[in-house]
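To start, the structure itself, in C-alpha cells.
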Number of protein chains: 2
Amino acid sequence: MRNITVGAAQLGPIQKAEGRQNVVARMITLLDEAASKGADLVVFPELALTTFFPRWYMTDSAEIDSWFEKEMPNAAVQPLFDAARKHGCAITFGFAEKTPDGHYFNTSIFVDKEGNIAGKYRKVHLPGHSEWDDNRAFQHLEKRYFEPGDLGFPVYRTLGGIFGMCICNDRRWPETFRVMGLQNVEMVTLGFNTPSVNSEKGGEGIEQRLFHHRLSLQAGAYQNATWVVAVAKAGSEDDHHLMGGTLIVDPNGHIVGELPGEDDGVLVHTCDLDETKFGKSTIFDFARHRRIEHYGLITERTGAEEPAE
Amino acid sequence: MRNITVGAAQLGPIQKAEGRQNVVARMITLLDEAASKGADLVVFPELALTTFFPRWYMTDSAEIDSWFEKEMPNAAVQPLFDAARKHGCAITFGFAEKTPDGHYFNTSIFVDKEGNIAGKYRKVHLPGHSEWDDNRAFQHLEKRYFEPGDLGFPVYRTLGGIFGMCICNDRRWPETFRVMGLQNVEMVTLGFNTPSVNSEKGGEGIEQRLFHHRLSLQAGAYQNATWVVAVAKAGSEDDHHLMGGTLIVDPNGHIVGELPGEDDGVLVHTCDLDETKFGKSTIFDFARHRRIEHYGLITERTGAEEPAE
C-alpha cells in the first residue's frame with residue numbers, strides 16, 4: 001500500500017469584486033480542515049484566486065493584466081504557501097500566469113510538502129473563442145486571454161508516486177490522460193470552472209454537463225489505471241452559474257466520493273496508489289497491447305477529414 | 001435528418017458442437033425480425049458464426065483451421081447474404097478469417113444493401129495471451145490464434161453516412177475511436193464476446209465488466225460525437241459465461257437502448273446521423289481545439305515508461 005490522503009477543496013463562487021487576499025483566506029480555511037483530517041495533498045480549482053474572468057470581454061491590456069499573476073508565490077498568495085508548509089501538506093491550484101517575457105497561460109502548479117514548486121502545467125486545450133460572439137448566451141473567451149500551454153503533459157515524482165495535472169476542458173480529451181498514462185501516471189489532479197449551461201445550446205443544462213464531466217474523468221481513470229481528483233469552482237459568480245461536481249475517481253473508473261453542493265468544502269479520501277497496478281499490468285499493459293502503427297492520424301492530423309467520396 | 005434504423009442483433013450462446021448452418025439460421029431469424037421493424041442495417045457480434053473458440057487451447061493446425069473461414073461468403077453463410085439482399089438490408093458481422101496466403105485475423109465485414117462487401121476490419125487490439133497460462137481461471141488465447149489487424153481503422157461511406165468498425169476489446173482503447181473520429185465517423189459498429197468474470201481477478205464480475213463496457217462506449221461516442229452500436233454474443237457457451245450488454249449510444253454519450261437478457265434478440269433504434277453535427281462543430285471541433293504538438297508519445301511509445309528518478 002502507498003496511501004495518499006487527498007483533500008479535494010472546492011471553492012464556491014468568487015465574485016468579480018472579491019480580492020485575492022480574501023480568496024486566499026478561504027483557501028487556507030479549507031486547507032486547515034483538510035489537514036486536520038490527515039491530508040497529504042490538497043487540490044484547489046482552476047483559476048482559484050479570482051472569478052472566472054474569461055466570461056468578460058475586455059480590450060484594455062491593463063485591465064486584462066490585473067487578472068494575471070506575474071510571480072508565484074506573490075504577496076497575496078504567500079500566506080497559503082506558509083500555511084501548507086506549516087501543515088506539511090502539498091497543494092496544487094490554478095491561476096492565470098503572465099510570464100516575465102509577456103506570455104499568458106492558464107496554469108496550475110504543484111507545491112510539495114517543503115513548499116517547493118515541484119510541477120507546473122499550462123492548459124493545452126483552451127475551449128471557447130477569442131472575439132465577441134453574438135451567437136452565444138454568454139462569452140467564454142479563453143482563446144482570447146490565454147495561449148495554449150507549451151509544456152505538454154509532464155508528470156513528476158512526489159509523495160511517493162507519479163503525479164500529473166490537467167485543467168478543466170483538458171479532461172474531455174483522451175489524449176490528455178493517455179500522454180500521462182504513457183508516463184505511468186498514478187494520480188491526475190485537475191481543477192475546473194464549468195458553466196452550468198452550454199453557451200451554444202441552452203437546452204444542455206447542469207445534468208448533462210455533470211454527466212459529460214463524470215464520463216470523461218471515469219474513462220480517463222479506467223483506461224489509464226490512474227486515480228483522478230477533480231475540483232470545482234462552483235456556484236453563481238456575478239449571475240453566471242458554474243456547476244459543482246468535485247469528485248475522486250479510482251483506477252477502476254469508479255467515483256469513490258463526490259462533494260454535494262456549490263459552496264466552499266473539502267472531500268477527503270485516502271487513495272492507495274498501488275491500486276493502479278492491476279490495470280497497468282493486465283488489460284492496460286500498454287507494452288503488450290497497444291498498436292502504435294495504427295494510431296498515426298492522432299498525431300498527423302489536427303482536424304477531422306472526411307474520406308474521399 | 002439522416003435517419004438510419006439499426007438492428008443490434010444479439011446472439012445467445014453458441015455451443016462448441018453447434019454448426020455454422022444452424023447459427024446462420026438463427027441470424028436470419030434475427031434479420032427477418034429487424035427487417036420487419038424497418039432496419040436499414042443489422043449488426044451481429046464478433047465471431048458470430050462459432051463459439052468463442054479462443055477459450056480453448058489447441059495445437060493441431062487442422063483443428064485450429066476448422067474455426068476459420070477461408071472465403072466470405074461461403075456456402076454456410078450464403079443464405080444470410082441472400083436474405084439480407086432480399087430485405088434490402090445492410091449487415092455487419094464478425095468471423096475468424098484465414099487469408100489465401102495463410103494469415104489469421106479476427107475480422108468484421110460490412111455488407112451493403114446490394115450485397116457487396118463495402119468495408120472490412122481486422123481486430124487491432126487482441127487481448128489475452130498466446131501460451132497456456134496456469135494463473136488464469138480460464139484461457140483467453142486471442143494472441144495465439146490471431147495476428148493483430150493490418151488494416152488500421154478505416155471508415156467507409158454507405159447508407160448516406162460515414163461508418164467504421166471495431167471489435168470487442170478495441171472499444172476500451174480511446175485510440176480506436178479517435179482514429180475514426182479524425183475521419184469524421186458518424187456511426188461505429190462493433191461486436192463482442194466478453195467473459196463475465198475477469199480471468200485474472202475472480203472478484204471482478206459481471207456488474208464491473210458491464211460498467212467498463214458502457215463507460216468505454218459512452219466515452220468513445222461522446223468524445224468523437226458519433227453513434228456507437230455494440231452487440232454481444234452472450235450467455236453460457238459450454239459452461240463459459242459471456243456477458244450481454246447489447247446497446248446503442250448516441251453522439252452525446254447517452255445509452256438510448258440496451259437489450260436485456262442473454263438470448264438471441266434484436267434491439268431496433270432509429271439513429272439520426274445529423275445528431276453528430278453539434279458536437280463535431282463545437283466542443284469537439286478537432287481543427288480548432290486539438291494540439292497535436294503535445295500528443296507525440298501516443299504514437300512514439302508503445303509501452304508506458306516512468307519518468308527518471
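Residues are referred to by chain and number: the chain letter is A, B, ... according to the order shown in the C-alpha cells, the number counts from 1 in that chain, and ligands are numbered separately from 1 in the order shown.
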
For chain B versus chain A, which residues have an atom no more than 8 Å away, and what is each residue's nearest atom pair and distance in Å rounded to one decimal, using only C-alpha atoms, chain-then-number order, as a Markdown table?
| residue | atom | partner | partner_atom | distance |
| --- | --- | --- | --- | --- |
| B:Val124 | CA | A:Arg291 | CA | 7.0 |
| B:His125 | CA | A:His289 | CA | 6.1 |
| B:Leu126 | CA | A:His289 | CA | 6.9 |
| B:Pro127 | CA | A:His289 | CA | 7.0 |
| B:Gly152 | CA | A:His294 | CA | 5.0 |
| B:Phe153 | CA | A:His294 | CA | 7.3 |
| B:Val155 | CA | A:Pro307 | CA | 7.2 |
| B:Tyr156 | CA | A:Pro307 | CA | 7.2 |
| B:Arg157 | CA | A:Glu309 | CA | 7.4 |
| B:Arg172 | CA | A:Gln223 | CA | 6.8 |
| B:Trp173 | CA | A:Gln223 | CA | 7.0 |
| B:Pro174 | CA | A:Pro174 | CA | 6.4 |
| B:Glu175 | CA | A:Tyr295 | CA | 6.5 |
| B:Thr176 | CA | A:Tyr295 | CA | 8.0 |
| B:Arg178 | CA | A:Ile298 | CA | 7.0 |
| B:Val179 | CA | A:Leu297 | CA | 6.0 |
| B:Gly181 | CA | A:Ala304 | CA | 6.7 |
| B:Leu182 | CA | A:Ala304 | CA | 4.1 |
| B:Gln183 | CA | A:Glu305 | CA | 5.0 |
| B:Asn184 | CA | A:Glu306 | CA | 5.4 |
| B:Val185 | CA | A:Glu306 | CA | 8.0 |
| B:His212 | CA | A:Gly253 | CA | 7.7 |
| B:Leu215 | CA | A:Ala219 | CA | 6.2 |
| B:Ser216 | CA | A:Ala219 | CA | 6.3 |
| B:Gln218 | CA | A:Leu215 | CA | 7.5 |
| B:Ala219 | CA | A:Leu215 | CA | 6.2 |
| B:Tyr222 | CA | A:His212 | CA | 7.8 |
| B:Gln223 | CA | A:Arg172 | CA | 6.8 |
| B:Gly253 | CA | A:His212 | CA | 7.7 |
| B:Ile283 | CA | A:Pro127 | CA | 7.2 |
| B:Asp285 | CA | A:Gly303 | CA | 7.3 |
| B:Phe286 | CA | A:Gly303 | CA | 4.6 |
| B:Ala287 | CA | A:Gly303 | CA | 3.6 |
| B:Arg288 | CA | A:Gly303 | CA | 7.3 |
| B:His289 | CA | A:His125 | CA | 6.1 |
| B:Arg290 | CA | A:Thr302 | CA | 5.8 |
| B:Arg291 | CA | A:Thr302 | CA | 6.9 |
| B:Ile292 | CA | A:Thr299 | CA | 5.2 |
| B:Glu293 | CA | A:Thr299 | CA | 7.5 |
| B:His294 | CA | A:Gly152 | CA | 5.0 |
| B:Tyr295 | CA | A:Thr299 | CA | 6.2 |
| B:Gly296 | CA | A:Thr299 | CA | 6.3 |
| B:Leu297 | CA | A:Val179 | CA | 6.0 |
| B:Ile298 | CA | A:Val179 | CA | 6.2 |
| B:Thr299 | CA | A:Ile292 | CA | 5.2 |
| B:Glu300 | CA | A:Ile292 | CA | 7.4 |
| B:Arg301 | CA | A:Ile292 | CA | 7.4 |
| B:Thr302 | CA | A:Ala287 | CA | 5.4 |
| B:Gly303 | CA | A:Ala287 | CA | 3.6 |
| B:Ala304 | CA | A:Leu182 | CA | 4.1 |
| B:Glu305 | CA | A:Gln183 | CA | 5.0 |
| B:Glu306 | CA | A:Gln183 | CA | 5.0 |
| B:Pro307 | CA | A:Gln183 | CA | 6.3 |
| B:Glu309 | CA | A:Arg157 | CA | 7.4 |

*asked:* Applying 8 Å and only C-alpha atoms, which residues near stretch 5-10 of chain B remain after dropping the ones on its own chain fewer than 3 positions away? List them as a PyMOL selection string.
replied: chain B and resi 27+30-31+34+38-45+229-234+246-248+262-271

*Using DSSP on the backbone coordinates, identify the residues of stretch 147-192 of chain A assigned to helix (DSSP H, G or I); present them as a ChimeraX atom specification.*
/A:168-172,174-181

**OP:** Using DSSP on the backbone, list every residue of stretch 52-164 of chain B that comes out as strand (DSSP E or B), and give them as an MDAnalysis selection string.
**Re:** chainID B and resid 69 90:98 104:111 117:122 155:158 161:164

A:Val111: which residues within 12 Å, counting only C-alpha atoms, same-chain residues fewer than 2 positions away excluded, as a PyMOL selection string? chain A and resi 40-44+72-73+80-85+88-94+108-109+113-121+156-159+163

Got time to write the residues from that selection, C-alpha atoms, as a PDB file, in the first residue's frame?
ATOM      1  CA  ASP A  40      -1.098  14.835   2.417  1.00  0.00           C
ATOM      2  CA  LEU A  41      -2.241  16.831  -0.593  1.00  0.00           C
ATOM      3  CA  VAL A  42      -4.946  19.467  -1.091  1.00  0.00           C
ATOM      4  CA  VAL A  43      -6.237  20.139  -4.598  1.00  0.00           C
ATOM      5  CA  PHE A  44      -7.830  23.521  -5.412  1.00  0.00           C
ATOM      6  CA  MET A  72       4.299  32.851  -7.852  1.00  0.00           C
ATOM      7  CA  PRO A  73       4.175  32.919  -4.926  1.00  0.00           C
ATOM      8  CA  LEU A  80      -1.263  29.905   1.536  1.00  0.00           C
ATOM      9  CA  PHE A  81       2.257  28.648   0.863  1.00  0.00           C
ATOM     10  CA  ASP A  82       3.172  29.317   4.503  1.00  0.00           C
ATOM     11  CA  ALA A  83       0.104  27.530   5.856  1.00  0.00           C
ATOM     12  CA  ALA A  84       0.693  24.500   3.639  1.00  0.00           C
ATOM     13  CA  ARG A  85       4.321  24.213   4.700  1.00  0.00           C
ATOM     14  CA  GLY A  88       3.444  19.628   5.913  1.00  0.00           C
ATOM     15  CA  CYS A  89       0.827  19.394   3.218  1.00  0.00           C
ATOM     16  CA  ALA A  90       1.353  19.541  -0.544  1.00  0.00           C
ATOM     17  CA  ILE A  91      -1.038  21.749  -2.513  1.00  0.00           C
ATOM     18  CA  THR A  92      -1.964  22.308  -6.123  1.00  0.00           C
ATOM     19  CA  PHE A  93      -4.028  25.151  -7.560  1.00  0.00           C
ATOM     20  CA  GLY A  94      -4.660  27.043 -10.766  1.00  0.00           C
ATOM     21  CA  SER A 108      -1.539  25.009 -12.400  1.00  0.00           C
ATOM     22  CA  ILE A 109       1.325  24.388 -10.038  1.00  0.00           C
ATOM     23  CA  LYS A 113       5.379  19.442   1.360  1.00  0.00           C
ATOM     24  CA  GLU A 114       8.546  21.504   1.636  1.00  0.00           C
ATOM     25  CA  GLY A 115       6.960  24.408  -0.234  1.00  0.00           C
ATOM     26  CA  ASN A 116       8.871  23.887  -3.481  1.00  0.00           C
ATOM     27  CA  ILE A 117       7.119  24.138  -6.814  1.00  0.00           C
ATOM     28  CA  ALA A 118       7.555  20.529  -7.909  1.00  0.00           C
ATOM     29  CA  GLY A 119       5.363  20.639 -11.004  1.00  0.00           C
ATOM     30  CA  LYS A 120       3.899  23.164 -13.408  1.00  0.00           C
ATOM     31  CA  TYR A 121       1.289  22.679 -16.104  1.00  0.00           C
ATOM     32  CA  TYR A 156       6.510  14.405 -11.626  1.00  0.00           C
ATOM     33  CA  ARG A 157       7.599  12.206  -8.754  1.00  0.00           C
ATOM     34  CA  THR A 158       6.315  13.385  -5.413  1.00  0.00           C
ATOM     35  CA  LEU A 159       4.642  11.949  -2.296  1.00  0.00           C
ATOM     36  CA  PHE A 163       1.548  12.677 -10.427  1.00  0.00           C
TER      37      PHE A 163
END

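Pairwise distance (atom CA of B:Trp132, atom CA of A:Ser281) equals 18.0 Å.
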
*asked:* Applying 12 Å and only C-alpha atoms, which residues near A:Trp56 remain after dropping the ones on its own chain fewer than 2 positions away? List them as a ChimeraX atom specification.
replied: /A:16,51-54,58-60,63-64,67,130-133,138-142,144-145,237-238,240

Can you spit out the residues from that selection as a JSON list (two decimals), in the first residue's frame, using N, CA, C and O atoms?
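Output (part25.json):
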[["chain", "number", "residue", "atom", "x", "y", "z"],
["A", 16, "LYS", "N", -16.57, 39.04, -8.95],
["A", 16, "LYS", "CA", -15.57, 39.84, -9.67],
["A", 16, "LYS", "C", -14.87, 40.82, -8.72],
["A", 16, "LYS", "O", -13.67, 41.09, -8.85],
["A", 51, "THR", "N", -12.34, 35.35, -9.85],
["A", 51, "THR", "CA", -13.51, 34.90, -10.59],
["A", 51, "THR", "C", -13.07, 34.30, -11.93],
["A", 51, "THR", "O", -11.92, 34.49, -12.36],
["A", 52, "PHE", "N", -13.99, 33.59, -12.59],
["A", 52, "PHE", "CA", -13.66, 33.06, -13.93],
["A", 52, "PHE", "C", -13.76, 34.21, -14.93],
["A", 52, "PHE", "O", -14.76, 34.38, -15.63],
["A", 53, "PHE", "N", -12.70, 35.01, -15.00],
["A", 53, "PHE", "CA", -12.75, 36.26, -15.77],
["A", 53, "PHE", "C", -12.89, 36.08, -17.29],
["A", 53, "PHE", "O", -13.31, 37.03, -17.96],
["A", 54, "PRO", "N", -12.58, 34.89, -17.87],
["A", 54, "PRO", "CA", -12.76, 34.79, -19.33],
["A", 54, "PRO", "C", -14.21, 34.92, -19.80],
["A", 54, "PRO", "O", -14.46, 34.96, -21.00],
["A", 58, "MET", "N", -12.87, 41.96, -22.61],
["A", 58, "MET", "CA", -12.03, 43.11, -22.25],
["A", 58, "MET", "C", -11.10, 43.43, -23.41],
["A", 58, "MET", "O", -10.67, 42.54, -24.15],
["A", 59, "THR", "N", -10.80, 44.72, -23.52],
["A", 59, "THR", "CA", -9.84, 45.14, -24.56],
["A", 59, "THR", "C", -8.67, 45.90, -23.94],
["A", 59, "THR", "O", -7.61, 46.00, -24.57],
["A", 60, "ASP", "N", -8.85, 46.39, -22.75],
["A", 60, "ASP", "CA", -7.80, 47.19, -22.11],
["A", 60, "ASP", "C", -6.73, 46.27, -21.51],
["A", 60, "ASP", "O", -7.04, 45.42, -20.67],
["A", 63, "GLU", "N", -6.39, 46.25, -17.73],
["A", 63, "GLU", "CA", -7.48, 45.53, -17.09],
["A", 63, "GLU", "C", -7.27, 44.02, -17.21],
["A", 63, "GLU", "O", -7.45, 43.27, -16.24],
["A", 64, "ILE", "N", -6.88, 43.60, -18.41],
["A", 64, "ILE", "CA", -6.63, 42.17, -18.60],
["A", 64, "ILE", "C", -5.51, 41.70, -17.66],
["A", 64, "ILE", "O", -5.64, 40.70, -16.95],
["A", 67, "TRP", "N", -5.83, 40.48, -13.94],
["A", 67, "TRP", "CA", -6.28, 39.13, -13.56],
["A", 67, "TRP", "C", -5.14, 38.12, -13.50],
["A", 67, "TRP", "O", -5.36, 36.97, -13.10],
["A", 130, "SER", "N", -12.09, 33.71, -29.29],
["A", 130, "SER", "CA", -11.21, 34.83, -29.00],
["A", 130, "SER", "C", -11.85, 36.19, -29.25],
["A", 130, "SER", "O", -11.35, 37.21, -28.76],
["A", 131, "GLU", "N", -12.94, 36.25, -30.02],
["A", 131, "GLU", "CA", -13.62, 37.53, -30.28],
["A", 131, "GLU", "C", -15.07, 37.45, -29.79],
["A", 131, "GLU", "O", -15.61, 36.37, -29.62],
["A", 132, "TRP", "N", -15.65, 38.61, -29.56],
["A", 132, "TRP", "CA", -17.05, 38.66, -29.13],
["A", 132, "TRP", "C", -17.92, 37.83, -30.06],
["A", 132, "TRP", "O", -17.79, 37.91, -31.29],
["A", 133, "ASP", "N", -18.80, 37.02, -29.48],
["A", 133, "ASP", "CA", -19.62, 36.10, -30.28],
["A", 133, "ASP", "C", -21.09, 36.31, -29.92],
["A", 133, "ASP", "O", -21.54, 35.89, -28.85],
["A", 138, "PHE", "N", -23.56, 33.55, -23.47],
["A", 138, "PHE", "CA", -22.56, 34.30, -22.70],
["A", 138, "PHE", "C", -21.21, 34.00, -23.34],
["A", 138, "PHE", "O", -21.07, 33.06, -24.12],
["A", 139, "GLN", "N", -20.23, 34.81, -23.01],
["A", 139, "GLN", "CA", -18.92, 34.67, -23.63],
["A", 139, "GLN", "C", -18.04, 33.67, -22.87],
["A", 139, "GLN", "O", -18.22, 33.46, -21.66],
["A", 140, "HIS", "N", -17.13, 33.05, -23.61],
["A", 140, "HIS", "CA", -16.18, 32.12, -22.99],
["A", 140, "HIS", "C", -14.84, 32.32, -23.71],
["A", 140, "HIS", "O", -14.48, 31.57, -24.62],
["A", 141, "LEU", "N", -14.09, 33.36, -23.28],
["A", 141, "LEU", "CA", -13.00, 33.92, -24.09],
["A", 141, "LEU", "C", -11.62, 33.38, -23.71],
["A", 141, "LEU", "O", -10.63, 34.13, -23.75],
["A", 142, "GLU", "N", -11.57, 32.10, -23.40],
["A", 142, "GLU", "CA", -10.24, 31.58, -23.03],
["A", 142, "GLU", "C", -9.24, 31.70, -24.17],
["A", 142, "GLU", "O", -8.06, 31.96, -23.93],
["A", 144, "ARG", "N", -9.01, 34.05, -26.14],
["A", 144, "ARG", "CA", -8.61, 35.44, -26.23],
["A", 144, "ARG", "C", -7.47, 35.77, -25.24],
["A", 144, "ARG", "O", -6.51, 36.45, -25.60],
["A", 145, "TYR", "N", -7.61, 35.26, -24.04],
["A", 145, "TYR", "CA", -6.71, 35.70, -22.97],
["A", 145, "TYR", "C", -5.51, 34.78, -22.74],
["A", 145, "TYR", "O", -4.56, 35.18, -22.06],
["A", 237, "GLU", "N", -21.26, 33.16, -9.96],
["A", 237, "GLU", "CA", -20.33, 34.28, -9.95],
["A", 237, "GLU", "C", -20.97, 35.43, -10.73],
["A", 237, "GLU", "O", -21.10, 35.33, -11.98],
["A", 238, "ASP", "N", -21.37, 36.48, -10.05],
["A", 238, "ASP", "CA", -21.99, 37.62, -10.74],
["A", 238, "ASP", "C", -23.05, 37.15, -11.74],
["A", 238, "ASP", "O", -23.03, 37.54, -12.92],
["A", 240, "HIS", "N", -23.44, 34.38, -13.19],
["A", 240, "HIS", "CA", -23.05, 33.32, -14.12],
["A", 240, "HIS", "C", -22.80, 32.05, -13.30],
["A", 240, "HIS", "O", -21.91, 32.03, -12.46]]
